[in-house]
Amino acid sequence: MLRVIVDGPRDPCYNMAIDEAIMLNRNTVNYDTLRLYMWSPSGVSLGRGQNANAAYLDRIKELGFKLVRRPTGGGALLHPEDNEITYSVVLSTNSTIAKSSVDESAIEIAKGILYTLQILGENVDIRGLGDMKKHDLCYLRSGSSDVVVAGRKISGSAQVRDDKALLQHGTLLLKFEPEIWLKVIRAPGVTEEFLKSRVVGLFEFMEVGLDQIFDAMIKGFAKALNEKDVFMGSLTPNEIKLANRLYKEKYSNERWNLLGIQ
């Protein structure tokens, strides 16, 4: 059984608090969860163990963006307001997908984006694309679950697990503006032109409305997760309570977000 939550734009720190709360409450419900959401204001998210120096903190503040550290791994990402849809998938560790390796499960979950784009009429592939070098900017990193359109990355993902559940974060980039990315994320030697050659947004090659995209994502992830019993839902009271606590104590706290800054 799969619960689908389609959220409006939310504060970056609260988005991460909600996703972790869903994961930590997975053993209290009898369904997995797909959550689709956007960001307001624009957010810069860091991977769980990434040094905060990967981002230009002063520029983030100057632009009115907000910094947050994800519970999942990977590198730094800009989540532009109105120009990206983020997905989070929470699965029980008893699920078939979660019983496979991190790489294998990440690929299976990321097929939700592959199927989404196929539903919208685009030929896509899942394969590692980025450099072997561990760039601070996530879209330049190589990942087995990268979703690629005509040789350019449109979606990446990262995962975290505990003994009860798996949480995978991923993105569907709608519009890519490399000049803004390079203002807020350190990428020494990387030019706007090079970044354009490696990353693409959906709106560059397709005119489609948000409602149509969300509908395709729900269908695409239901197929990827092999879920026929899908229902539209909302957060439980326990999830809301825990998300509020995590927001206050963790995700809006500089001790978490500025890890690595002395």
# chains A, B, ... in the order shown; residues from 1 in each chain; ligands from 1
$ closest_atom_pairs --of "range 31-138 of chain A" --to "range 207-220 of chain A" --cutoff "8 Å" --atoms "only C-alpha atoms" --output "Markdown table"
| residue | atom | partner | partner_atom | distance |
| --- | --- | --- | --- | --- |
| A:Leu36 | CA | A:Phe214 | CA | 7.7 |
| A:Lys111 | CA | A:Gly220 | CA | 7.6 |
| A:Gly112 | CA | A:Gly220 | CA | 4.6 |
| A:Ile113 | CA | A:Gly220 | CA | 6.6 |
| A:Leu114 | CA | A:Gly220 | CA | 7.5 |
| A:Tyr115 | CA | A:Gly220 | CA | 4.7 |
| A:Thr116 | CA | A:Gly220 | CA | 4.6 |
| A:Leu117 | CA | A:Ala216 | CA | 7.7 |
| A:Ile119 | CA | A:Ala216 | CA | 6.2 |
| A:Leu120 | CA | A:Ala216 | CA | 6.9 |
$ select_by_dssp --residues "range 107-244 of chain A" --states "strand (DSSP E)" --output "ChimeraX atom specification"
/A:125-126,147-149,152-155,157-161,165-173,230-232
$ residues_around --residues "range 66-73 of chain A" --least-positions-apart "2" --cutoff "9 Å" --atoms "only C-alpha atoms" --output "PyMOL selection string"
chain A and resi 11-13+16-17+19-20+40-50+52+55+57+60-61+63-64+75-76+157-161+167-169+251-252+254+256-259
$ write_last_selection --atoms "C-alpha atoms" --output "compact mmCIF listing (two decimals), in the first residue's frame"
# COMPACT_ATOMS: atom_id res chain seq x y z
CA ASP A 11 10.26 25.97 4.20
CA PRO A 12 13.43 23.97 3.35
CA CYS A 13 14.11 23.05 6.98
CA MET A 16 13.59 17.80 5.76
CA ALA A 17 11.92 17.50 9.16
CA ASP A 19 10.70 13.48 5.57
CA GLU A 20 12.64 12.23 8.57
CA SER A 40 9.75 28.23 -0.50
CA PRO A 41 12.04 30.10 -0.30
CA SER A 42 14.64 28.48 -2.55
CA GLY A 43 16.85 26.15 -0.56
CA VAL A 44 20.42 24.95 -0.69
CA SER A 45 20.68 21.48 0.80
CA LEU A 46 23.86 19.75 1.88
CA GLY A 47 24.44 16.02 2.06
CA ARG A 48 24.32 14.45 5.51
CA GLY A 49 28.09 14.32 6.02
CA GLN A 50 29.13 17.18 3.74
CA ALA A 52 29.09 23.29 5.04
CA ALA A 55 28.22 26.32 -0.04
CA LEU A 57 26.84 30.86 3.07
CA ILE A 60 22.74 32.20 0.24
CA LYS A 61 21.62 34.75 2.83
CA LEU A 63 19.73 35.95 -2.13
CA GLY A 64 17.09 35.18 0.48
CA GLY A 75 26.42 16.65 -2.43
CA ALA A 76 25.07 20.18 -2.35
CA SER A 157 19.00 10.77 -5.57
CA ALA A 158 20.42 9.90 -2.16
CA GLN A 159 19.38 7.48 0.54
CA VAL A 160 19.52 6.74 4.26
CA ARG A 161 18.36 3.68 6.20
CA LEU A 167 14.30 7.10 2.96
CA GLN A 168 15.30 8.17 -0.55
CA HIS A 169 15.38 11.76 -1.68
CA TYR A 251 16.85 21.23 10.94
CA SER A 252 16.61 24.90 11.91
CA GLU A 254 23.05 25.74 12.99
CA TRP A 256 23.29 20.54 12.38
CA ASN A 257 23.29 22.67 9.27
CA LEU A 258 26.79 24.12 9.64
CA LEU A 259 28.59 20.85 10.33
$ residues_around --residues "Leu195 in chain A" --least-positions-apart "3" --cutoff "10 Å" --atoms "only C-alpha atoms" --output "list in words"
Tyr139, Leu140, Arg152, Phe176, Glu177, Pro178, Glu179, Trp181, Leu182, Ala187, Val190, Thr191, Glu192, Arg198, Val199 and Val200 of chain A
$ closest_residue --among "A:Asn253, A:Gln118, A:Asn53, A:Asn27" --to "Val184 in chain A" --atoms "only C-alpha atoms"
A:Asn53
$ select_by_dssp --residues "range 105-220 of chain A" --states "helix (DSSP H, G or I)" --output "mmCIF file with N, CA and C atoms, in the first residue's frame"
data_model
loop_
_atom_site.group_PDB
_atom_site.id
_atom_site.type_symbol
_atom_site.label_atom_id
_atom_site.label_comp_id
_atom_site.auth_asym_id
_atom_site.auth_seq_id
_atom_site.Cartn_x
_atom_site.Cartn_y
_atom_site.Cartn_z
ATOM 1 N N SER A 105 18.589 -0.644 -4.875
ATOM 2 C CA SER A 105 17.312 -0.061 -4.450
ATOM 3 C C SER A 105 17.163 1.366 -4.963
ATOM 4 N N ALA A 106 18.274 2.113 -4.988
ATOM 5 C CA ALA A 106 18.220 3.492 -5.484
ATOM 6 C C ALA A 106 17.801 3.523 -6.949
ATOM 7 N N ILE A 107 18.310 2.580 -7.733
ATOM 8 C CA ILE A 107 17.938 2.502 -9.148
ATOM 9 C C ILE A 107 16.457 2.175 -9.294
ATOM 10 N N GLU A 108 15.982 1.195 -8.523
ATOM 11 C CA GLU A 108 14.572 0.802 -8.626
ATOM 12 C C GLU A 108 13.647 1.959 -8.270
ATOM 13 N N ILE A 109 13.993 2.710 -7.225
ATOM 14 C CA ILE A 109 13.153 3.843 -6.828
ATOM 15 C C ILE A 109 13.224 4.958 -7.858
ATOM 16 N N ALA A 110 14.441 5.229 -8.369
ATOM 17 C CA ALA A 110 14.611 6.295 -9.357
ATOM 18 C C ALA A 110 13.890 5.999 -10.664
ATOM 19 N N LYS A 111 13.523 4.746 -10.887
ATOM 20 C CA LYS A 111 12.720 4.430 -12.073
ATOM 21 C C LYS A 111 11.392 5.182 -12.038
ATOM 22 N N GLY A 112 10.988 5.657 -10.845
ATOM 23 C CA GLY A 112 9.787 6.483 -10.774
ATOM 24 C C GLY A 112 9.911 7.727 -11.632
ATOM 25 N N ILE A 113 11.116 8.336 -11.655
ATOM 26 C CA ILE A 113 11.343 9.507 -12.509
ATOM 27 C C ILE A 113 11.435 9.090 -13.967
ATOM 28 N N LEU A 114 12.086 7.969 -14.233
ATOM 29 C CA LEU A 114 12.166 7.450 -15.609
ATOM 30 C C LEU A 114 10.770 7.232 -16.173
ATOM 31 N N TYR A 115 9.906 6.559 -15.414
ATOM 32 C CA TYR A 115 8.541 6.306 -15.886
ATOM 33 C C TYR A 115 7.741 7.592 -15.996
ATOM 34 N N THR A 116 7.992 8.534 -15.088
ATOM 35 C CA THR A 116 7.325 9.835 -15.167
ATOM 36 C C THR A 116 7.584 10.497 -16.512
ATOM 37 N N LEU A 117 8.855 10.547 -16.890
ATOM 38 C CA LEU A 117 9.219 11.216 -18.130
ATOM 39 C C LEU A 117 8.737 10.444 -19.349
ATOM 40 N N GLN A 118 8.706 9.129 -19.238
ATOM 41 C CA GLN A 118 8.153 8.336 -20.335
ATOM 42 C C GLN A 118 6.658 8.608 -20.506
ATOM 43 N N ILE A 119 5.942 8.738 -19.394
ATOM 44 C CA ILE A 119 4.518 9.071 -19.457
ATOM 45 C C ILE A 119 4.316 10.429 -20.123
ATOM 46 N N CYS A 138 26.215 18.410 -6.318
ATOM 47 C CA CYS A 138 25.711 17.040 -6.443
ATOM 48 C C CYS A 138 25.474 16.611 -7.891
ATOM 49 N N TYR A 139 24.988 17.520 -8.730
ATOM 50 C CA TYR A 139 24.650 17.130 -10.093
ATOM 51 C C TYR A 139 25.873 16.769 -10.936
ATOM 52 N N LEU A 140 27.084 17.087 -10.451
ATOM 53 C CA LEU A 140 28.296 16.704 -11.164
ATOM 54 C C LEU A 140 28.855 15.368 -10.677
ATOM 55 N N PRO A 178 22.307 27.781 -14.429
ATOM 56 C CA PRO A 178 23.630 27.472 -13.869
ATOM 57 C C PRO A 178 24.293 28.645 -13.170
ATOM 58 N N GLU A 179 24.009 29.861 -13.620
ATOM 59 C CA GLU A 179 24.653 31.008 -12.999
ATOM 60 C C GLU A 179 24.263 31.147 -11.531
ATOM 61 N N ILE A 180 23.021 30.782 -11.188
ATOM 62 C CA ILE A 180 22.586 30.866 -9.790
ATOM 63 C C ILE A 180 23.202 29.732 -8.978
ATOM 64 N N TRP A 181 23.264 28.536 -9.566
ATOM 65 C CA TRP A 181 23.890 27.405 -8.879
ATOM 66 C C TRP A 181 25.331 27.740 -8.499
ATOM 67 N N LEU A 182 26.074 28.332 -9.429
ATOM 68 C CA LEU A 182 27.480 28.614 -9.177
ATOM 69 C C LEU A 182 27.670 29.778 -8.204
ATOM 70 N N LYS A 183 26.627 30.566 -7.968
ATOM 71 C CA LYS A 183 26.703 31.625 -6.967
ATOM 72 C C LYS A 183 26.646 31.066 -5.551
ATOM 73 N N VAL A 184 25.976 29.921 -5.380
ATOM 74 C CA VAL A 184 25.719 29.441 -4.022
ATOM 75 C C VAL A 184 26.443 28.139 -3.667
ATOM 76 N N GLU A 192 29.692 27.989 -16.442
ATOM 77 C CA GLU A 192 28.261 27.871 -16.743
ATOM 78 C C GLU A 192 28.042 26.988 -17.965
ATOM 79 N N GLU A 193 28.898 27.144 -18.969
ATOM 80 C CA GLU A 193 28.756 26.366 -20.198
ATOM 81 C C GLU A 193 28.929 24.873 -19.924
ATOM 82 N N PHE A 194 29.927 24.526 -19.099
ATOM 83 C CA PHE A 194 30.149 23.116 -18.783
ATOM 84 C C PHE A 194 28.957 22.557 -18.013
ATOM 85 N N LEU A 195 28.461 23.335 -17.068
ATOM 86 C CA LEU A 195 27.333 22.875 -16.271
ATOM 87 C C LEU A 195 26.099 22.660 -17.153
ATOM 88 N N LYS A 196 25.894 23.547 -18.117
ATOM 89 C CA LYS A 196 24.772 23.392 -19.055
ATOM 90 C C LYS A 196 24.905 22.119 -19.883
ATOM 91 N N SER A 197 26.140 21.712 -20.145
ATOM 92 C CA SER A 197 26.346 20.515 -20.951
ATOM 93 C C SER A 197 26.098 19.236 -20.162
ATOM 94 N N ARG A 198 25.986 19.354 -18.817
ATOM 95 C CA ARG A 198 25.824 18.168 -17.979
ATOM 96 C C ARG A 198 24.479 18.076 -17.288
ATOM 97 N N LEU A 202 13.447 20.098 -17.142
ATOM 98 C CA LEU A 202 12.351 19.578 -17.958
ATOM 99 C C LEU A 202 11.784 20.620 -18.911
ATOM 100 N N PHE A 203 11.661 21.872 -18.446
ATOM 101 C CA PHE A 203 11.030 22.905 -19.260
ATOM 102 C C PHE A 203 11.875 23.301 -20.473
ATOM 103 N N GLU A 204 13.136 22.849 -20.508
ATOM 104 C CA GLU A 204 13.982 23.171 -21.660
ATOM 105 C C GLU A 204 13.516 22.432 -22.915
ATOM 106 N N LEU A 210 2.253 21.890 -14.078
ATOM 107 C CA LEU A 210 2.618 21.201 -12.841
ATOM 108 C C LEU A 210 1.637 20.078 -12.504
ATOM 109 N N ASP A 211 0.349 20.313 -12.709
ATOM 110 C CA ASP A 211 -0.629 19.272 -12.395
ATOM 111 C C ASP A 211 -0.360 18.011 -13.205
ATOM 112 N N GLN A 212 -0.019 18.186 -14.467
ATOM 113 C CA GLN A 212 0.282 17.040 -15.327
ATOM 114 C C GLN A 212 1.552 16.328 -14.863
ATOM 115 N N ILE A 213 2.539 17.108 -14.412
ATOM 116 C CA ILE A 213 3.785 16.506 -13.925
ATOM 117 C C ILE A 213 3.522 15.706 -12.654
ATOM 118 N N PHE A 214 2.794 16.282 -11.710
ATOM 119 C CA PHE A 214 2.503 15.571 -10.463
ATOM 120 C C PHE A 214 1.727 14.281 -10.745
ATOM 121 N N ASP A 215 0.758 14.351 -11.629
ATOM 122 C CA ASP A 215 -0.018 13.160 -11.978
ATOM 123 C C ASP A 215 0.880 12.080 -12.572
ATOM 124 N N ALA A 216 1.790 12.484 -13.461
ATOM 125 C CA ALA A 216 2.709 11.520 -14.065
ATOM 126 C C ALA A 216 3.657 10.941 -13.026
ATOM 127 N N MET A 217 4.068 11.756 -12.057
ATOM 128 C CA MET A 217 4.979 11.259 -11.015
ATOM 129 C C MET A 217 4.291 10.223 -10.132
ATOM 130 N N ILE A 218 3.040 10.470 -9.792
ATOM 131 C CA ILE A 218 2.305 9.502 -8.976
ATOM 132 C C ILE A 218 2.197 8.169 -9.716
ATOM 133 N N LYS A 219 1.841 8.226 -10.988
ATOM 134 C CA LYS A 219 1.736 7.002 -11.784
ATOM 135 C C LYS A 219 3.098 6.341 -11.969
ATOM 136 N N GLY A 220 4.117 7.158 -12.200
ATOM 137 C CA GLY A 220 5.447 6.617 -12.425
ATOM 138 C C GLY A 220 6.016 5.918 -11.210
#
$ residues_around --residues "Gly8 in chain A" --least-positions-apart "4" --cutoff "9 Å" --atoms "only C-alpha atoms" --output "number ranges by chain"
A: 36-39
$ write_last_selection --atoms "C-alpha atoms" --output "PDB file, in the first residue's frame"
ATOM      1  CA  LEU A  36       6.094  15.207  -3.653  1.00  0.00           C
ATOM      2  CA  TYR A  37       6.878  18.806  -2.801  1.00  0.00           C
ATOM      3  CA  MET A  38       8.537  22.095  -3.687  1.00  0.00           C
ATOM      4  CA  TRP A  39      10.502  24.712  -1.746  1.00  0.00           C
TER       5      TRP A  39
END
$ atom_distance --atom1 "CA of Tyr14 in chain A" --atom2 "CA of Ala243 in chain A"
7.3 Å
$ atom_distance --atom1 "CA of Leu242 in chain A" --atom2 "CA of Asp32 in chain A"
17.6 Å
$ closest_residue --among "A:Asp162, A:Glu249, A:Glu122, A:Glu104" --to "Gly143 in chain A" --atoms "only C-alpha atoms"
A:Glu104
$ closest_residue --among "A:Leu246, A:Leu137, A:Val89, A:Leu173" --to "Tyr56 in chain A" --atoms "only C-alpha atoms"
A:Leu137
